[in-house]
Amino acid sequence: MNRTLILKELHDLRYVLAIAGVAIFILVTSLFGFTPTGKIMYLLGHETGIPQDIIRETDIGAQPPFAQNGYIKPVSFATCALALILGFTQGLHENRAGRWQFLLSLPVTRTEILHSKIFVGLGVWLATVFILVGAGLLYSSIPGRVPYPLEWWIVWRACQWLPLGAVLYMGALYCGIRRVHWLGTRLFPLMGGVIIVLFSCLIMINFYSFLSREKYYSNTPDLSTGSFFIAPLSIVAISIFYFQIKNQSIEA
Amino acid sequence: MTTTAPIPPAPIPPAPNTPAIKTLGLWKTFSTKPAVFDVSLSVETGTVYGLLGRNGAGKSTLVKMLMGMIGPDLGSSSILGVDSQNLPVSLKAKIGYMAENHPLYDHWTIGQSIRFVKNLHPKWDEDLVGRVLQHFGLSISSKISRLSRGQRAQVALVLTLGGDPDVFILDDPTLGLDPGVRRDFIESLVHMINRRGRTILFSSHMLDDIDRTADRIGIMVDGVLRVDCPLDTFRNQVRKVVVEFDQDPPPWNGCPGLVQQWQVGKRRDLVFVGYGDLQRRAVEALEPKRIDLVELSLEDAFIEYTRTNRNPLPLWEENHE
């Protein structure tokens with residue numbers, strides 16, 4: 001792995017890193033109750049007349065983190081969005097003003113350039129996922145915070161969505177790197193990623209996407225069949241995207 | 001137990017008398033649009049080769065194929081004896097490439113750009129870079145996005161020179177620069193890189209740029225390398241003949257050496273490579289009112305030679321008669 005290229009990628013992603021930092025800050029502080037989301041939601045409900053039951057459902061600070069409508073739900077969406085932003089930023093960045101020509105003329109190989117991008121992109125995404133899930137685990141480990149001791153099957157069940165972010169990242173990176181002239185063609189590979197995500201969502205919805213509170217409180221291990229599709233499906237999709245990107249000549 | 005780092009493969013030294021740059025029957029088509037047709041050229045070590053052509057003639061595509069940035073549909077190319085499509089990193093370090101429009105990272109400073117390129121090169125001439133920066137009056141703290149086009153070109157040249165390459169491939173380096181800046185830039189470039197043993201392939205659509213630097217020129221017209229000869233040969237061989245008639249010029253299929261012809265009212269302009277007795281007799285056989293042999297400057301010779309519009313030019317005055 002080329003250190004100079006990795007530092008360059010990190011430098012190019014500085015704004016995305018800032019966005020990820022802000023997202024982490026908001027989610028974690030909401031989880032720990034430092035952000036008065038409950039108060040805001042209460043006032044919003046008071047002003048708009050939305051029933052307080054619904055308000056409580058949407059307040060992530062009021063739910064167990066790894067249960068339905070808990071902290072893990074916005075984390076899943078936020079990490080998928082981050083993956084898309086990372087992939088597009090890294091892919092499109094070099095397409096601007098012929099920068100591929102500059103990069104490819106330097107004494108580095110195409111594979112080194114691609115690996116540096118993927119290493120940094122997936123690394124940032126994974127780090128964000130680990131920080132956010134880690135914060136959830138930390139919160140859950142504090143006595144009195146959650147109504148039931150945290151079991152690993154609960155974490156596994158709650159985090160089964162997360163690998164889909166990596167599929168979206170690779171799809172977005174491929175979209176950015178491809179040499180195309182119109183938007184439809186550029187976005188075409190992402191359709192593969194989106195189809196996989198939708199397919200996974202269907203499986204998840206079928207088997208209850210997030211762990212319901214009833215099952216959470218009943219302490220009956222619930223590893224739905226759908227859970228076991230997501231990880232292998234994501235690995236296959238990521239591999240396909242990787243070889244597509246590798247075989248795609250980065251034409252300057 | 002000790003472990004040893006893998007030894008990188010040694011660069012393949014070019015065989016004696018191997019041309020520094022060579023292409024053999026290169027073809028490239030973009031979807032249905034042909035860009036380069038069967039281009040074979042050879043640039044000897046130590047030569048300054050000017051690759052000329054109008055915009056869209058296929059120069060940049062040829063240069064990108066040479067650099068291994070795009071693959072040819074047919075044919076092959078090599079730099080320092082190594083296939084362009086498989087250039088090892090050690091050999092890429094010996095090639096200085098300047099892309100047209102000088103792509104750089106706008107959010108970086110000049111200093112950051114230099115550090116980035118320097119860290120990727122096995123050897124870096126810090127002293128030379130410092131002197132060139134001083135010559136151009138560039139500050140390393142200046143942001144790339146705030147530079148003028150001319151200054152961007154200068155930064156691109158600094159980055160190209162720093163690795164002390166043996167082969168320079170410069171793709172229209174003066175594109176977009178105003179005439180004064182262009183002249184200064186070319187003079188600096190020639191002064192800095194034209195040392196003994198360095199091979200330079202310099203593409204441009206401005207003959208002026210080539211005139212002061214090239215030993216040999218190639219001219220591309222519509223993707224075809226139509227000329228590949230020493231500069232003086234081209235200068236001495238291209239002639240324009242203006243033939244006037246009393247009425248509309250008769251149709252003419254041409255003769256050997258005729259490269260362009262077009263009609264302007266009752267006049268026919270002919271461009272020849274090598275205008276000798278054979279060509280003169282062929283023109284006289286048309287029984288024109290008058291034949292003028294026009295001396296062409298190098299710039300005019302290039303323009304006349306690469307003119308691709310063969311349709312008759314309208315003569316507006318006649319429309320009002």
# chains A, B, ... in the order shown; residues from 1 in each chain; ligands from 1

call {"tool": "residues_around", "arguments": {"residues": "segment 67-76 of chain B", "least_positions_apart": "3", "cutoff": "8 Å", "atoms": "only C-alpha atoms", "output": "ChimeraX atom specification"}}
result
/A:101,104-105,249-252 /B:23-29,38,61,63-64,83-87

call {"tool": "interface_residues", "arguments": {"of": "chain A", "to": "chain B", "cutoff": "12 Å", "atoms": "only C-alpha atoms", "output": "MDAnalysis selection string"}}
result
chainID A and resid 2:9 11:15 93:113 179:180 248:252

call {"tool": "write_last_selection", "arguments": {"atoms": "N, CA and C atoms", "output": "compact mmCIF listing (two decimals), in the first residue's frame"}}
result
# COMPACT_ATOMS: atom_id res chain seq x y z
N ASN A 2 0.54 2.18 -0.83
CA ASN A 2 1.38 3.37 -1.00
C ASN A 2 0.95 4.47 0.00
N ARG A 3 1.87 4.81 0.91
CA ARG A 3 1.55 5.75 1.98
C ARG A 3 1.18 7.14 1.42
N THR A 4 1.93 7.58 0.40
CA THR A 4 1.67 8.90 -0.18
C THR A 4 0.26 8.98 -0.77
N LEU A 5 -0.14 7.90 -1.45
CA LEU A 5 -1.48 7.88 -2.05
C LEU A 5 -2.56 7.83 -0.97
N ILE A 6 -2.27 7.11 0.10
CA ILE A 6 -3.26 7.02 1.20
C ILE A 6 -3.44 8.40 1.85
N LEU A 7 -2.33 9.10 2.06
CA LEU A 7 -2.42 10.45 2.65
C LEU A 7 -3.18 11.39 1.72
N LYS A 8 -2.94 11.22 0.42
CA LYS A 8 -3.64 12.06 -0.57
C LYS A 8 -5.14 11.80 -0.49
N GLU A 9 -5.53 10.53 -0.43
CA GLU A 9 -6.95 10.18 -0.35
C GLU A 9 -7.58 10.78 0.90
N HIS A 11 -6.59 13.38 2.49
CA HIS A 11 -6.66 14.83 2.31
C HIS A 11 -7.84 15.18 1.41
N ASP A 12 -8.03 14.39 0.33
CA ASP A 12 -9.14 14.67 -0.59
C ASP A 12 -10.51 14.47 0.08
N LEU A 13 -10.52 13.62 1.11
CA LEU A 13 -11.80 13.31 1.77
C LEU A 13 -12.04 14.15 3.02
N ARG A 14 -11.27 15.20 3.19
CA ARG A 14 -11.35 15.92 4.46
C ARG A 14 -12.75 16.45 4.76
N TYR A 15 -13.47 16.90 3.72
CA TYR A 15 -14.83 17.41 3.97
C TYR A 15 -15.78 16.26 4.34
N HIS A 93 -13.72 12.51 -8.07
CA HIS A 93 -12.66 13.48 -7.79
C HIS A 93 -11.60 13.52 -8.89
N GLU A 94 -11.18 12.33 -9.33
CA GLU A 94 -10.09 12.28 -10.33
C GLU A 94 -10.60 12.55 -11.74
N ASN A 95 -11.92 12.41 -11.93
CA ASN A 95 -12.45 12.65 -13.28
C ASN A 95 -12.47 14.13 -13.62
N ARG A 96 -12.36 14.97 -12.60
CA ARG A 96 -12.43 16.41 -12.85
C ARG A 96 -11.14 16.90 -13.50
N ALA A 97 -11.31 17.62 -14.59
CA ALA A 97 -10.20 18.34 -15.25
C ALA A 97 -9.00 17.42 -15.57
N GLY A 98 -9.29 16.19 -15.92
CA GLY A 98 -8.23 15.29 -16.41
C GLY A 98 -7.20 14.89 -15.37
N ARG A 99 -7.62 14.78 -14.09
CA ARG A 99 -6.62 14.44 -13.05
C ARG A 99 -6.13 13.01 -13.15
N TRP A 100 -6.92 12.14 -13.79
CA TRP A 100 -6.42 10.78 -13.98
C TRP A 100 -5.11 10.80 -14.75
N GLN A 101 -5.05 11.70 -15.74
CA GLN A 101 -3.82 11.80 -16.55
C GLN A 101 -2.63 12.13 -15.68
N PHE A 102 -2.84 13.07 -14.77
CA PHE A 102 -1.76 13.48 -13.87
C PHE A 102 -1.35 12.31 -12.98
N LEU A 103 -2.35 11.65 -12.42
CA LEU A 103 -2.08 10.56 -11.47
C LEU A 103 -1.42 9.37 -12.17
N LEU A 104 -1.95 9.03 -13.36
CA LEU A 104 -1.43 7.86 -14.07
C LEU A 104 -0.04 8.09 -14.66
N SER A 105 0.35 9.35 -14.79
CA SER A 105 1.68 9.62 -15.35
C SER A 105 2.76 9.49 -14.27
N LEU A 106 2.36 9.42 -13.02
CA LEU A 106 3.33 9.33 -11.92
C LEU A 106 3.81 7.87 -11.76
N PRO A 107 4.96 7.69 -11.13
CA PRO A 107 5.46 6.32 -10.99
C PRO A 107 4.70 5.48 -9.96
N VAL A 108 3.45 5.23 -10.26
CA VAL A 108 2.61 4.32 -9.45
C VAL A 108 1.78 3.49 -10.42
N THR A 109 1.31 2.35 -9.95
CA THR A 109 0.48 1.51 -10.82
C THR A 109 -0.98 1.85 -10.61
N ARG A 110 -1.81 1.46 -11.59
CA ARG A 110 -3.25 1.68 -11.45
C ARG A 110 -3.79 0.94 -10.24
N THR A 111 -3.26 -0.28 -10.04
CA THR A 111 -3.74 -1.09 -8.92
C THR A 111 -3.44 -0.40 -7.60
N GLU A 112 -2.26 0.21 -7.48
CA GLU A 112 -1.92 0.93 -6.25
C GLU A 112 -2.91 2.08 -6.02
N ILE A 113 -3.24 2.79 -7.09
CA ILE A 113 -4.17 3.93 -6.97
C ILE A 113 -5.53 3.42 -6.49
N ARG A 179 -15.73 5.78 -17.34
CA ARG A 179 -15.65 6.84 -18.33
C ARG A 179 -16.97 6.85 -19.11
N VAL A 180 -17.83 7.75 -18.76
CA VAL A 180 -19.13 7.83 -19.44
C VAL A 180 -19.49 9.28 -19.67
N GLN A 248 -11.90 -2.30 -15.22
CA GLN A 248 -12.27 -1.07 -15.94
C GLN A 248 -11.00 -0.26 -16.14
N SER A 249 -10.62 -0.06 -17.40
CA SER A 249 -9.41 0.72 -17.58
C SER A 249 -9.72 2.16 -17.21
N ILE A 250 -8.86 2.72 -16.37
CA ILE A 250 -9.06 4.11 -15.95
C ILE A 250 -8.51 4.95 -17.09
N GLU A 251 -9.36 5.23 -18.04
CA GLU A 251 -8.86 5.93 -19.22
C GLU A 251 -8.85 7.42 -18.98
N ALA A 252 -7.72 7.99 -19.23
CA ALA A 252 -7.58 9.42 -18.96
C ALA A 252 -8.17 10.23 -20.10

call {"tool": "atom_distance", "arguments": {"atom1": "atom CA of Ser188 of chain B", "atom2": "atom CA of Leu80 of chain B"}}
result
25.5 Å
